[in-house]
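Reviewing the structure listed below.
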Amino acid sequence: MHTREYGPGPDGPDGGAGDSGRPQVGELRVPGARLHYEVRGRGPLLVLLPGGGGDAGVYDGFAPLLADAYTVVALDPRGYSRSVLDGPPGTQTVERQADDVAALVAHLGGGPADVIGGSDGALVGLDLLARRPGLVRRVLAQEPPAFGLLPRAEEHKAFIASVHETFVREGLGPAGARFAAWAGAGGDRWEPEPALAARLFANGPHFLEHELRSFTSWLPDVEALRGPAAEGRLVLAVGRETRGALCREPALVLASLLGLDPVPLPGGHGGWLAEAEKSAVLIRELMK
């Protein structure tokens, strides 16, 4: 695959970015898109996957906290922010995004990599572990929205379809608010800086049109995650402030199916975005 690197940190490709928090930036050609990614620090590879509509910038406050121990990589998923599609947008799939992450891991040295994903990024991490176990050492998946695992799955699917209908009729704001209120996914005390906030807002229509329905109806391969290739390499996490919220439930059900104990992280569905320093301390221990 063709790749282009640019914008190294002030101390060159092997240093500086981890201390300053300023990432090195790269672009990787994958089928149908050009992926924007950002690298900080040095050490074993750690890949950070944002939730739906997010990009690498959501980890700007978190990634530098681990850059002393890892080569921390964050990316814009295809079609979001600076990861440009070659053609018109279509339905996003968990598998396609997982393939993109696999290509990035291979490009950066082949792994095995640690992977942390929140929300939709957690689904991508689960698929990567199930289908590409040789590329990952450990996956932390925080509140994956696999609502198909829950009782009344068809009702949940119908509600999400109605959110899309609200988006078509009324626009981004009403649809996004309706989904967040239903899932209990709002309320984190995290405020992105203005440039990032503008990018995330611009990503909202793509998320609601091309990702929300396909990702929330995706089901993890429980047998593969239960099998020997993935054994002992998955951490399922929930937000300490999402008790009683629907967004928490798929992680609890999946943990029960796999015989795991969910780990509470600070904050709500956004987890470490809201309380990055506390989360970084915990995650250092969880990813050992």
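Residue numbering restarts at 1 for every chain of the structure tokens, chains are lettered A, B, ... in their displayed order, and ligands are numbered from 1 as they appear.
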*Do a neighbour search on A:Gly111 at 7 Å with only C-alpha atoms, toss out local chain neighbours closer than 5 positions, and write the hits as a count of residues only.*
5
*Write out as a list in words each polymer residue whose atoms come within 8 Å of A:Leu212, counting only C-alpha atoms; drop sequence neighbours fewer than 5 positions from it.*
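Here the answer would be Gly52, Ile160 and Phe207 of chain A.
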Just write the chosen residues, N, CA and C atoms, as a compact mmCIF listing (two decimals), in the first residue's frame.
# COMPACT_ATOMS: atom_id res chain seq x y z
N GLY A 52 -18.32 6.58 17.50
CA GLY A 52 -18.97 7.04 16.28
C GLY A 52 -18.92 8.55 16.13
N ILE A 160 -33.64 2.61 16.75
CA ILE A 160 -32.51 3.24 16.07
C ILE A 160 -32.90 3.62 14.64
N PHE A 207 -22.19 10.01 10.56
CA PHE A 207 -22.44 9.00 11.59
C PHE A 207 -23.89 8.54 11.56
*When you draw a straight line from atom CA of A:Glu223 to atom CA of A:Gly259, how long is it in Å?*
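It comes out at 12.2 Å.
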*Just the residues within 9 Å of A:Leu48, please, counting only C-alpha atoms, with nothing from its chain fewer than 6 positions along; format it as a PyMOL selection string.*
chain A and resi 56+59+63+72-75+114-118+121
*asked:* Need to verify the contact set: A:Pro31, 12 Å, only C-alpha atoms, exclusion of same-chain residues closer than 3 positions in sequence. Can you return it as a list in words?
replied: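 The filter keeps Met1, His2, Leu28, Arg34, Leu35, Arg78, Val84, Leu85, Asp86, Gly87, Arg96, Gln97, Asp99, Asp100 and Ala103 of chain A.
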Would you save the residues from that selection as a PDB file, in the first residue's frame, using N, CA, C and O atoms?
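Result file is out_16.pdb:
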ATOM      1  N   MET A   1       0.834  -1.200   0.000  1.00  0.00           N
ATOM      2  CA  MET A   1       0.000   0.000   0.000  1.00  0.00           C
ATOM      3  C   MET A   1       0.865   1.245   0.000  1.00  0.00           C
ATOM      4  O   MET A   1       1.872   1.313   0.701  1.00  0.00           O
ATOM      5  N   HIS A   2       0.457   2.214  -0.765  1.00  0.00           N
ATOM      6  CA  HIS A   2       1.171   3.485  -0.780  1.00  0.00           C
ATOM      7  C   HIS A   2       0.964   4.212   0.540  1.00  0.00           C
ATOM      8  O   HIS A   2      -0.118   4.228   1.097  1.00  0.00           O
ATOM      9  N   LEU A  28      -2.181   6.901   5.412  1.00  0.00           N
ATOM     10  CA  LEU A  28      -2.046   5.549   4.884  1.00  0.00           C
ATOM     11  C   LEU A  28      -3.151   5.283   3.868  1.00  0.00           C
ATOM     12  O   LEU A  28      -4.337   5.447   4.168  1.00  0.00           O
ATOM     13  N   ARG A  34      -8.137   7.228   2.323  1.00  0.00           N
ATOM     14  CA  ARG A  34      -6.826   7.606   2.851  1.00  0.00           C
ATOM     15  C   ARG A  34      -6.994   7.893   4.339  1.00  0.00           C
ATOM     16  O   ARG A  34      -7.748   8.795   4.730  1.00  0.00           O
ATOM     17  N   LEU A  35      -6.308   7.113   5.171  1.00  0.00           N
ATOM     18  CA  LEU A  35      -6.471   7.214   6.612  1.00  0.00           C
ATOM     19  C   LEU A  35      -5.490   8.213   7.208  1.00  0.00           C
ATOM     20  O   LEU A  35      -4.279   8.113   6.999  1.00  0.00           O
ATOM     21  N   ARG A  78     -12.359   5.986   8.497  1.00  0.00           N
ATOM     22  CA  ARG A  78     -12.627   6.377   7.111  1.00  0.00           C
ATOM     23  C   ARG A  78     -13.924   7.186   7.014  1.00  0.00           C
ATOM     24  O   ARG A  78     -14.940   6.865   7.635  1.00  0.00           O
ATOM     25  N   VAL A  84     -10.145  10.712   4.191  1.00  0.00           N
ATOM     26  CA  VAL A  84     -10.993  11.047   3.048  1.00  0.00           C
ATOM     27  C   VAL A  84     -11.312   9.798   2.233  1.00  0.00           C
ATOM     28  O   VAL A  84     -10.431   8.982   1.939  1.00  0.00           O
ATOM     29  N   LEU A  85     -12.583   9.664   1.858  1.00  0.00           N
ATOM     30  CA  LEU A  85     -13.005   8.565   0.996  1.00  0.00           C
ATOM     31  C   LEU A  85     -12.659   8.865  -0.459  1.00  0.00           C
ATOM     32  O   LEU A  85     -12.664  10.020  -0.882  1.00  0.00           O
ATOM     33  N   ASP A  86     -12.394   7.819  -1.228  1.00  0.00           N
ATOM     34  CA  ASP A  86     -12.108   7.993  -2.646  1.00  0.00           C
ATOM     35  C   ASP A  86     -13.362   8.282  -3.467  1.00  0.00           C
ATOM     36  O   ASP A  86     -13.284   8.874  -4.544  1.00  0.00           O
ATOM     37  N   GLY A  87     -14.505   7.845  -2.971  1.00  0.00           N
ATOM     38  CA  GLY A  87     -15.753   8.023  -3.706  1.00  0.00           C
ATOM     39  C   GLY A  87     -16.865   8.432  -2.775  1.00  0.00           C
ATOM     40  O   GLY A  87     -16.625   8.854  -1.640  1.00  0.00           O
ATOM     41  N   ARG A  96     -14.999  -3.456   7.962  1.00  0.00           N
ATOM     42  CA  ARG A  96     -14.162  -2.602   7.117  1.00  0.00           C
ATOM     43  C   ARG A  96     -13.263  -1.726   7.975  1.00  0.00           C
ATOM     44  O   ARG A  96     -12.073  -1.557   7.667  1.00  0.00           O
ATOM     45  N   GLN A  97     -13.802  -1.161   9.040  1.00  0.00           N
ATOM     46  CA  GLN A  97     -12.962  -0.348   9.916  1.00  0.00           C
ATOM     47  C   GLN A  97     -11.906  -1.201  10.614  1.00  0.00           C
ATOM     48  O   GLN A  97     -10.773  -0.749  10.816  1.00  0.00           O
ATOM     49  N   ASP A  99     -10.517  -3.855   9.356  1.00  0.00           N
ATOM     50  CA  ASP A  99      -9.505  -4.104   8.332  1.00  0.00           C
ATOM     51  C   ASP A  99      -8.577  -2.897   8.176  1.00  0.00           C
ATOM     52  O   ASP A  99      -7.369  -3.045   7.949  1.00  0.00           O
ATOM     53  N   ASP A 100      -9.142  -1.700   8.284  1.00  0.00           N
ATOM     54  CA  ASP A 100      -8.321  -0.491   8.217  1.00  0.00           C
ATOM     55  C   ASP A 100      -7.317  -0.456   9.364  1.00  0.00           C
ATOM     56  O   ASP A 100      -6.144  -0.102   9.178  1.00  0.00           O
ATOM     57  N   ALA A 103      -4.554  -2.871   8.728  1.00  0.00           N
ATOM     58  CA  ALA A 103      -3.589  -2.336   7.771  1.00  0.00           C
ATOM     59  C   ALA A 103      -2.667  -1.324   8.434  1.00  0.00           C
ATOM     60  O   ALA A 103      -1.455  -1.290   8.151  1.00  0.00           O
TER      61      ALA A 103
END
*Show which residues sit within 12 Å of A:Pro174, as a PyMOL selection string. Count only C-alpha atoms, and ignore same-chain residues fewer than 6 positions away.*
chain A and resi 162-168+180-181+204-205+208
Nearby residues (only C-alpha atoms) at most 8 Å from stretch 137-154 of chain A, same-chain spacing under 3 positions excluded, as a short mmCIF file (atom, residue, chain, number, x, y, z; two decimals) with all heavy atoms, in the first residue's frame:
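Listing of part-v3.cif after writing:
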data_model
loop_
_atom_site.label_atom_id
_atom_site.label_comp_id
_atom_site.auth_asym_id
_atom_site.auth_seq_id
_atom_site.Cartn_x
_atom_site.Cartn_y
_atom_site.Cartn_z
N GLY A 111 2.66 -5.27 14.82
CA GLY A 111 2.13 -5.66 16.12
C GLY A 111 2.90 -6.81 16.74
O GLY A 111 4.04 -7.09 16.34
N PRO A 112 2.32 -7.51 17.72
CA PRO A 112 0.95 -7.31 18.18
C PRO A 112 0.79 -5.98 18.92
O PRO A 112 1.69 -5.55 19.62
CB PRO A 112 0.69 -8.50 19.10
CG PRO A 112 2.06 -8.89 19.60
CD PRO A 112 3.00 -8.59 18.47
N ALA A 113 -0.38 -5.37 18.75
CA ALA A 113 -0.66 -4.08 19.34
C ALA A 113 -1.70 -4.22 20.43
O ALA A 113 -2.60 -5.07 20.36
CB ALA A 113 -1.19 -3.12 18.27
N ASP A 114 -1.60 -3.36 21.44
CA ASP A 114 -2.71 -3.17 22.35
C ASP A 114 -3.71 -2.23 21.68
O ASP A 114 -3.31 -1.31 20.96
CB ASP A 114 -2.23 -2.56 23.67
CG ASP A 114 -1.49 -3.57 24.54
OD1 ASP A 114 -1.73 -4.77 24.38
OD2 ASP A 114 -0.68 -3.15 25.37
N VAL A 115 -4.99 -2.45 21.95
CA VAL A 115 -6.05 -1.66 21.32
C VAL A 115 -7.04 -1.22 22.39
O VAL A 115 -7.48 -2.04 23.20
CB VAL A 115 -6.78 -2.48 20.23
CG1 VAL A 115 -7.94 -1.69 19.65
CG2 VAL A 115 -5.81 -2.89 19.13
N ILE A 116 -7.37 0.06 22.37
CA ILE A 116 -8.41 0.59 23.25
C ILE A 116 -9.46 1.24 22.38
O ILE A 116 -9.15 2.11 21.56
CB ILE A 116 -7.84 1.62 24.25
CG1 ILE A 116 -6.80 0.97 25.17
CG2 ILE A 116 -8.95 2.25 25.07
CD1 ILE A 116 -6.09 1.95 26.08
N GLY A 117 -10.71 0.84 22.54
CA GLY A 117 -11.79 1.42 21.78
C GLY A 117 -12.97 1.76 22.67
O GLY A 117 -13.32 0.99 23.57
N GLY A 118 -13.56 2.91 22.43
CA GLY A 118 -14.75 3.31 23.14
C GLY A 118 -15.95 3.33 22.23
O GLY A 118 -15.87 3.75 21.07
N SER A 119 -17.10 2.84 22.70
CA SER A 119 -18.35 2.87 21.96
C SER A 119 -18.18 2.16 20.61
O SER A 119 -17.81 0.99 20.58
CB SER A 119 -18.84 4.31 21.81
OG SER A 119 -20.17 4.35 21.36
N ASP A 120 -18.41 2.83 19.49
CA ASP A 120 -18.25 2.16 18.19
C ASP A 120 -16.82 1.65 18.01
O ASP A 120 -16.60 0.62 17.37
CB ASP A 120 -18.62 3.12 17.06
CG ASP A 120 -20.12 3.24 16.87
OD1 ASP A 120 -20.87 2.79 17.76
OD2 ASP A 120 -20.55 3.81 15.85
N GLY A 121 -15.84 2.36 18.54
CA GLY A 121 -14.46 1.88 18.48
C GLY A 121 -14.27 0.59 19.24
O GLY A 121 -13.40 -0.23 18.89
N ALA A 122 -15.07 0.36 20.28
CA ALA A 122 -15.01 -0.91 21.01
C ALA A 122 -15.48 -2.06 20.13
O ALA A 122 -14.92 -3.17 20.20
CB ALA A 122 -15.86 -0.82 22.28
N LEU A 123 -16.49 -1.83 19.29
CA LEU A 123 -16.94 -2.86 18.36
C LEU A 123 -15.82 -3.23 17.40
O LEU A 123 -15.60 -4.42 17.11
CB LEU A 123 -18.15 -2.37 17.57
CG LEU A 123 -19.41 -2.01 18.36
CD1 LEU A 123 -20.46 -1.44 17.41
CD2 LEU A 123 -19.96 -3.21 19.11
N GLY A 125 -12.62 -2.95 17.93
CA GLY A 125 -11.62 -3.72 18.68
C GLY A 125 -12.03 -5.16 18.87
O GLY A 125 -11.21 -6.08 18.76
N LEU A 126 -13.31 -5.40 19.16
CA LEU A 126 -13.80 -6.77 19.32
C LEU A 126 -13.66 -7.57 18.03
O LEU A 126 -13.26 -8.74 18.04
CB LEU A 126 -15.26 -6.75 19.76
CG LEU A 126 -15.55 -6.24 21.17
CD1 LEU A 126 -17.06 -6.11 21.38
CD2 LEU A 126 -14.95 -7.15 22.22
N LEU A 129 -9.98 -8.46 17.38
CA LEU A 129 -9.52 -9.58 18.21
C LEU A 129 -10.09 -10.90 17.70
O LEU A 129 -9.39 -11.92 17.68
CB LEU A 129 -9.92 -9.35 19.66
CG LEU A 129 -9.54 -10.44 20.66
CD1 LEU A 129 -8.03 -10.70 20.66
CD2 LEU A 129 -10.01 -10.07 22.06
N PRO A 133 -6.53 -12.14 15.51
CA PRO A 133 -5.92 -12.23 16.84
C PRO A 133 -4.40 -12.11 16.84
O PRO A 133 -3.81 -11.68 17.83
CB PRO A 133 -6.38 -13.59 17.36
CG PRO A 133 -6.72 -14.38 16.14
CD PRO A 133 -7.26 -13.38 15.16
N GLY A 134 -3.77 -12.45 15.73
CA GLY A 134 -2.32 -12.33 15.67
C GLY A 134 -1.82 -10.90 15.66
O GLY A 134 -0.63 -10.67 15.93
N LYS A 157 -33.56 -2.18 17.63
CA LYS A 157 -33.23 -1.91 16.22
C LYS A 157 -34.25 -0.98 15.60
O LYS A 157 -33.90 -0.06 14.83
CB LYS A 157 -33.16 -3.23 15.46
CG LYS A 157 -32.70 -3.09 14.02
CD LYS A 157 -32.55 -4.47 13.38
CE LYS A 157 -32.07 -4.35 11.94
NZ LYS A 157 -31.90 -5.70 11.32
N ALA A 158 -35.52 -1.18 15.94
CA ALA A 158 -36.57 -0.32 15.39
C ALA A 158 -36.43 1.11 15.91
O ALA A 158 -36.66 2.08 15.17
CB ALA A 158 -37.94 -0.89 15.76
N PHE A 215 -23.65 -0.28 12.78
CA PHE A 215 -22.81 -0.64 13.92
C PHE A 215 -23.63 -1.18 15.08
O PHE A 215 -23.24 -2.17 15.72
CB PHE A 215 -21.97 0.57 14.36
CG PHE A 215 -20.65 0.68 13.66
CD1 PHE A 215 -20.58 0.71 12.28
CD2 PHE A 215 -19.48 0.77 14.38
CE1 PHE A 215 -19.36 0.81 11.63
CE2 PHE A 215 -18.25 0.87 13.75
CZ PHE A 215 -18.19 0.89 12.37
N THR A 216 -24.75 -0.54 15.39
CA THR A 216 -25.53 -0.99 16.54
C THR A 216 -26.25 -2.31 16.29
O THR A 216 -26.68 -2.97 17.25
CB THR A 216 -26.55 0.08 16.96
OG1 THR A 216 -27.38 0.42 15.85
CG2 THR A 216 -25.85 1.32 17.49
N SER A 217 -26.36 -2.73 15.03
CA SER A 217 -26.96 -4.03 14.74
C SER A 217 -25.91 -5.13 14.58
O SER A 217 -26.26 -6.31 14.42
CB SER A 217 -27.82 -3.95 13.47
OG SER A 217 -27.02 -3.62 12.34
N TRP A 218 -24.64 -4.77 14.63
CA TRP A 218 -23.55 -5.75 14.49
C TRP A 218 -23.44 -6.59 15.76
O TRP A 218 -23.60 -6.08 16.87
CB TRP A 218 -22.24 -5.01 14.23
CG TRP A 218 -21.04 -5.89 14.09
CD1 TRP A 218 -20.62 -6.53 12.96
CD2 TRP A 218 -20.09 -6.23 15.11
NE1 TRP A 218 -19.47 -7.23 13.21
CE2 TRP A 218 -19.13 -7.06 14.53
CE3 TRP A 218 -19.98 -5.90 16.47
CZ2 TRP A 218 -18.05 -7.58 15.25
CZ3 TRP A 218 -18.91 -6.41 17.19
CH2 TRP A 218 -17.95 -7.24 16.58
N LEU A 219 -23.15 -7.87 15.59
CA LEU A 219 -22.98 -8.77 16.73
C LEU A 219 -21.56 -9.30 16.78
O LEU A 219 -21.02 -9.75 15.75
CB LEU A 219 -23.95 -9.95 16.62
CG LEU A 219 -25.43 -9.62 16.85
CD1 LEU A 219 -26.29 -10.84 16.54
CD2 LEU A 219 -25.66 -9.14 18.27
N PRO A 220 -20.93 -9.27 17.94
CA PRO A 220 -19.59 -9.83 18.06
C PRO A 220 -19.61 -11.35 17.90
O PRO A 220 -20.63 -12.00 18.18
CB PRO A 220 -19.16 -9.42 19.47
CG PRO A 220 -20.44 -9.19 20.21
CD PRO A 220 -21.43 -8.69 19.20
N ARG A 233 -7.25 -12.04 26.64
CA ARG A 233 -6.76 -10.83 25.97
C ARG A 233 -7.82 -9.75 25.79
O ARG A 233 -7.58 -8.77 25.11
CB ARG A 233 -6.16 -11.21 24.60
CG ARG A 233 -4.94 -12.10 24.77
CD ARG A 233 -4.08 -12.08 23.54
NE ARG A 233 -4.61 -12.97 22.52
CZ ARG A 233 -4.51 -12.75 21.22
NH1 ARG A 233 -3.99 -11.63 20.78
NH2 ARG A 233 -4.97 -13.63 20.36
N LEU A 234 -8.98 -9.94 26.42
CA LEU A 234 -10.06 -8.96 26.29
C LEU A 234 -10.41 -8.40 27.66
O LEU A 234 -10.64 -9.15 28.61
CB LEU A 234 -11.30 -9.60 25.66
CG LEU A 234 -12.55 -8.72 25.59
CD1 LEU A 234 -12.30 -7.48 24.74
CD2 LEU A 234 -13.74 -9.52 25.05
N VAL A 235 -10.46 -7.08 27.74
CA VAL A 235 -10.96 -6.37 28.91
C VAL A 235 -12.21 -5.63 28.48
O VAL A 235 -12.18 -4.82 27.55
CB VAL A 235 -9.92 -5.36 29.46
CG1 VAL A 235 -10.50 -4.60 30.65
CG2 VAL A 235 -8.63 -6.08 29.85
N LEU A 236 -13.33 -5.91 29.14
CA LEU A 236 -14.57 -5.17 28.89
C LEU A 236 -14.75 -4.14 29.99
O LEU A 236 -14.63 -4.46 31.17
CB LEU A 236 -15.77 -6.13 28.86
CG LEU A 236 -15.88 -6.98 27.59
CD1 LEU A 236 -16.86 -8.12 27.80
CD2 LEU A 236 -16.30 -6.13 26.40
N ALA A 237 -15.02 -2.91 29.60
CA ALA A 237 -15.11 -1.81 30.56
C ALA A 237 -16.45 -1.11 30.44
O ALA A 237 -17.08 -1.09 29.38
CB ALA A 237 -13.97 -0.81 30.33
N VAL A 238 -16.87 -0.53 31.56
CA VAL A 238 -18.09 0.28 31.61
C VAL A 238 -17.78 1.58 32.34
O VAL A 238 -16.80 1.67 33.09
CB VAL A 238 -19.24 -0.48 32.34
CG1 VAL A 238 -19.69 -1.69 31.54
CG2 VAL A 238 -18.81 -0.88 33.74
N GLY A 239 -18.61 2.58 32.14
CA GLY A 239 -18.43 3.84 32.84
C GLY A 239 -19.02 3.76 34.24
O GLY A 239 -20.10 3.20 34.44
N CYS A 247 -26.68 2.06 27.34
CA CYS A 247 -25.38 1.95 26.68
C CYS A 247 -24.42 1.02 27.44
O CYS A 247 -23.46 0.52 26.87
CB CYS A 247 -24.74 3.32 26.51
SG CYS A 247 -24.38 4.19 28.05
N ARG A 248 -24.68 0.79 28.71
CA ARG A 248 -23.84 -0.07 29.54
C ARG A 248 -24.16 -1.56 29.35
O ARG A 248 -23.29 -2.43 29.54
CB ARG A 248 -24.05 0.33 31.00
CG ARG A 248 -23.25 -0.40 32.06
CD ARG A 248 -23.77 0.02 33.43
NE ARG A 248 -23.04 -0.56 34.53
CZ ARG A 248 -22.07 0.04 35.22
NH1 ARG A 248 -21.72 1.27 34.88
NH2 ARG A 248 -21.47 -0.56 36.22
N GLU A 249 -25.42 -1.86 28.99
CA GLU A 249 -25.91 -3.23 29.06
C GLU A 249 -25.20 -4.21 28.12
O GLU A 249 -24.94 -5.36 28.51
CB GLU A 249 -27.42 -3.25 28.82
CG GLU A 249 -28.22 -2.56 29.91
CD GLU A 249 -27.93 -3.13 31.28
OE1 GLU A 249 -28.01 -4.37 31.44
OE2 GLU A 249 -27.61 -2.34 32.20
N PRO A 250 -24.89 -3.85 26.86
CA PRO A 250 -24.22 -4.85 26.02
C PRO A 250 -22.89 -5.35 26.59
O PRO A 250 -22.57 -6.54 26.46
CB PRO A 250 -24.02 -4.10 24.70
CG PRO A 250 -25.13 -3.10 24.67
CD PRO A 250 -25.26 -2.65 26.08
N ALA A 251 -22.14 -4.47 27.22
CA ALA A 251 -20.88 -4.91 27.83
C ALA A 251 -21.13 -5.92 28.94
O ALA A 251 -20.38 -6.90 29.09
CB ALA A 251 -20.10 -3.71 28.36
N VAL A 253 -23.77 -7.97 29.22
CA VAL A 253 -24.21 -9.23 28.63
C VAL A 253 -23.04 -9.98 28.01
O VAL A 253 -22.87 -11.19 28.21
CB VAL A 253 -25.31 -8.97 27.58
CG1 VAL A 253 -25.63 -10.25 26.81
CG2 VAL A 253 -26.57 -8.43 28.25
N LEU A 254 -22.21 -9.27 27.25
CA LEU A 254 -21.06 -9.92 26.63
C LEU A 254 -20.09 -10.45 27.68
O LEU A 254 -19.55 -11.56 27.54
CB LEU A 254 -20.34 -8.94 25.70
CG LEU A 254 -19.17 -9.50 24.89
CD1 LEU A 254 -19.60 -10.67 24.03
CD2 LEU A 254 -18.55 -8.40 24.02
N HIS A 269 -20.23 7.36 29.45
CA HIS A 269 -19.98 6.62 28.22
C HIS A 269 -18.69 7.09 27.54
O HIS A 269 -18.03 6.32 26.86
CB HIS A 269 -21.17 6.78 27.28
CG HIS A 269 -21.13 5.90 26.08
ND1 HIS A 269 -21.15 4.52 26.16
CD2 HIS A 269 -21.09 6.19 24.75
CE1 HIS A 269 -21.12 4.00 24.94
NE2 HIS A 269 -21.08 4.99 24.07
N GLY A 271 -16.05 7.96 29.18
CA GLY A 271 -14.96 7.40 29.97
C GLY A 271 -13.78 8.32 30.15
O GLY A 271 -13.86 9.38 30.75
N MET A 287 -3.75 -3.07 31.03
CA MET A 287 -3.13 -3.50 29.79
C MET A 287 -1.79 -4.21 30.00
O MET A 287 -1.10 -4.54 29.03
CB MET A 287 -2.94 -2.31 28.85
CG MET A 287 -4.23 -1.57 28.50
SD MET A 287 -5.50 -2.60 27.76
CE MET A 287 -4.98 -2.63 26.04
#
_I want to know what sits within 10 Å of A:Gly227, based on only C-alpha atoms, with residues of the same chain fewer than 5 positions away left out; could you give that as a list of chain:residue names?_
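Answer for this query is A:Ala130, A:Val222, A:Gly232, A:Leu258.
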*asked:* Considering only strand (DSSP E or B) as DSSP defines it on the backbone, what residues of stretch 9-250 of chain A qualify? List them as a PyMOL selection string.
replied: chain A and resi 24-30+33-41+45-49+71-75+84-85+113-118+136-142+234-239
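When DSSP reads the backbone of this structure, the residues of stretch 114-168 of chain A it assigns to alpha helix (DSSP H) are Asp120, Gly121, Ala122, Leu123, Val124, Gly125, Leu126, Asp127, Leu128, Leu129, Ala130, Arg131, Ala153, Glu154, Glu155, His156, Lys157, Ala158, Phe159, Ile160, Ala161, Ser162, Val163, His164, Glu165, Thr166, Phe167 and Val168 of chain A.
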*Go ahead and compute the interatomic distance for atom CA of A:Ala202 and atom CA of A:Phe179, in Å to one decimal.*
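These two atoms are separated by 17.4 Å.
Pairwise distance (atom CA of A:Gly41, atom CA of A:Asn203) equals 27.7 Å.
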